[in-house]
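To start, the structure itself, in structure tokens.
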Amino acid sequence: MSSNEPQSALPACWTFLSSSEDTTDRLGRVLADVLRPGDVLALVGNLGAGKTRLVQALAAAAGCAPGEVTSPTFILVQEYAGRWPIYHFDTYRLHGCDDFCELGAEEYLTAHGVCCIEWADRVAAALPADHLRVEIDIVGETAREYRFSATGPRGREIVQQLSGAAA
Ligand SMILES: Nc1ncnc2c1ncn2[C@@H]1O[C@H](COP(=O)(O)OP(=O)(O)O)[C@@H](O)[C@H]1O
Ligand SMILES: [Mg+2]
């Protein structure tokens, strides 16, 4: 690709098929190498799809203490200290964007950590315009499809690096 090609020509989507939890851990390592503070992952998928499991994989790869990451359904937001802070939200029990904002979402989103937001569609209007959407489907007992799509220039940069790193 020539250097003067517009950024919008970068791929905006990337799909990773994970055949096992070990493969999801590998995806976590690839993600940890590409993400940087300020990035936002909007995780979308049914119960049991693998949203929390991906955050576990990412947190382990970023040097957070093993076992620290649990489903925050009842806690709503958890913080993990690693290479950068991870702010892990589960918005399942929230009643929309007002509840999300009351949790201090704005502060977390601008606090120079990596934000991982489960059930992100429930708080879509409160997400930053430029984020990385991760849609997850169960495609087998131990198989999960993780589809990454960009909603802005930083998202596209991440997608491009992910597709290059995992090639
Ligand atoms: N390849 C895989 N990647 C991620 N999780 C997997 C995989 N195969 C099986 N699983 C299982 O799927 C479940 C995902 O659960 P979880 O991440 O808590 O879902 P969610 O947060 O989306 O509700 C876990 O029980 C995990 O062991
Ligand atoms: Mg979960």
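Residues in the structure tokens are numbered from 1 in each chain, the chains being A, B, ... in the order shown, and ligands are numbered from 1 in the order shown.
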Could you tell me, counting only C-alpha atoms and all ligand atoms, which protein and nucleic acid residues lie no more than 9 Å from ligand 1, written as a ChimeraX atom specification?
/A:17-25,43-57,70-71,90,118-119,136,138,140-146
Go ahead and write the residues just picked, C-alpha atoms, as a compact mmCIF listing (two decimals), in the first residue's frame.
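Result file follows (part.txt):
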# COMPACT_ATOMS: atom_id res chain seq x y z
CA LEU A 17 -11.47 -17.85 14.82
CA SER A 18 -10.51 -19.30 18.17
CA SER A 19 -10.71 -23.09 18.36
CA SER A 20 -9.88 -23.32 22.07
CA GLU A 21 -9.35 -21.22 25.18
CA ASP A 22 -5.59 -21.47 24.58
CA THR A 23 -6.15 -19.84 21.21
CA THR A 24 -8.15 -17.08 22.90
CA ASP A 25 -5.16 -16.60 25.22
CA LEU A 43 -17.58 -6.27 23.59
CA VAL A 44 -20.82 -7.60 22.13
CA GLY A 45 -22.13 -11.16 22.29
CA ASN A 46 -24.58 -13.40 24.09
CA LEU A 47 -24.14 -14.79 27.58
CA GLY A 48 -21.27 -17.29 27.49
CA ALA A 49 -19.93 -16.00 24.18
CA GLY A 50 -16.49 -15.21 25.56
CA LYS A 51 -16.44 -11.52 26.46
CA THR A 52 -15.06 -11.99 29.97
CA ARG A 53 -12.75 -14.76 28.76
CA LEU A 54 -11.15 -12.41 26.25
CA VAL A 55 -10.65 -9.77 28.96
CA GLN A 56 -8.99 -12.48 31.10
CA ALA A 57 -6.68 -13.34 28.20
CA THR A 70 -13.89 -12.26 37.11
CA SER A 71 -17.20 -11.44 35.57
CA ASP A 90 -20.20 -5.20 32.68
CA GLU A 118 -19.20 -5.95 28.10
CA TRP A 119 -22.71 -5.60 26.60
CA ILE A 136 -18.37 -12.65 19.48
CA ILE A 138 -20.30 -19.24 19.69
CA GLY A 140 -18.71 -24.71 18.52
CA GLU A 141 -18.30 -26.15 22.01
CA THR A 142 -14.80 -24.72 22.30
CA ALA A 143 -14.85 -22.49 19.24
CA ARG A 144 -15.54 -18.77 19.22
CA GLU A 145 -15.51 -16.24 16.41
CA TYR A 146 -14.14 -12.83 17.42
Find the spatial neighbours of Gly38 (chain A), counting only C-alpha atoms, within a cut-off of 9 Å - ignore same-chain residues fewer than 2 positions away - and output them as a list in words.
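Residues near the query, excluding close chain neighbours: Leu35, Arg36, Val40, Leu109, Thr110, Ala111, His112, Gly113, Val114 and Cys115 of chain A.
Pairwise distance (CA of Phe89 (chain A), CA of Ala59 (chain A)) equals 13.5 Å.
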Between A:Cys116, A:Val69, A:Val34, A:Val123, which one has atoms that come closest to Tyr92 (chain A), using only C-alpha atoms?
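Under the stated criterion, the closest residue is A:Val123.
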Here is a test: counting only C-alpha atoms, which residue of A:Glu106, A:Trp14, A:Phe100, A:Arg156 is nearest to Ala120 (chain A)?
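Result for the nearest residue to Ala120 (chain A): A:Phe100.
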For CA of Tyr108 (chain A) and CA of Phe16 (chain A), quote the distance in Å rounded to one decimal.
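CA of Tyr108 (chain A) sits 27.5 Å away from CA of Phe16 (chain A).
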Looking only at the backbone, which of the residues in region 11-158 of chain A does DSSP tag as helix (DSSP H, G or I), as a PyMOL selection string?
chain A and resi 21-34+51-61+96-102+105-109+120-126+153-158
Distance in Å - CA of Leu58 (chain A) versus CA of Val134 (chain A)
13.2 Å
Kindly indicate which residue among A:Ile117, A:Ala165, A:Ala81, A:Ala150 lies nearest to ligand 2, using only C-alpha atoms and all ligand atoms for the distances.
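Closest to ligand 2 of all the choices is A:Ile117.
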Please provide as a list in words all residues within 10 Å of Leu103 (chain A), with the sequence filter that same-chain residues fewer than 5 positions apart are discarded (counting only C-alpha atoms).
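Contacts, with the query itself left out: Leu76, Val77, Phe89, Leu94, Cys97, Asp98 and Tyr108 of chain A.
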So which one's closest to His88 (chain A), A:Leu41, A:Leu162, A:Leu132, A:Ala124? Using only C-alpha atoms, please.
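Looking only at the distances to His88 (chain A), the closest residue turns out to be A:Leu41.
Across A:Gln160, A:Ile86, A:Arg93, A:Ala61, the tightest approach to ligand 2 is made by A:Arg93 when counting only C-alpha atoms and all ligand atoms.
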Which of these residues is nearest to ligand 2, using only C-alpha atoms and all ligand atoms: A:Arg133, A:Thr91, A:Ala12, A:Pro85?
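Using only C-alpha atoms and all ligand atoms, the shortest distance to ligand 2 belongs to A:Thr91.
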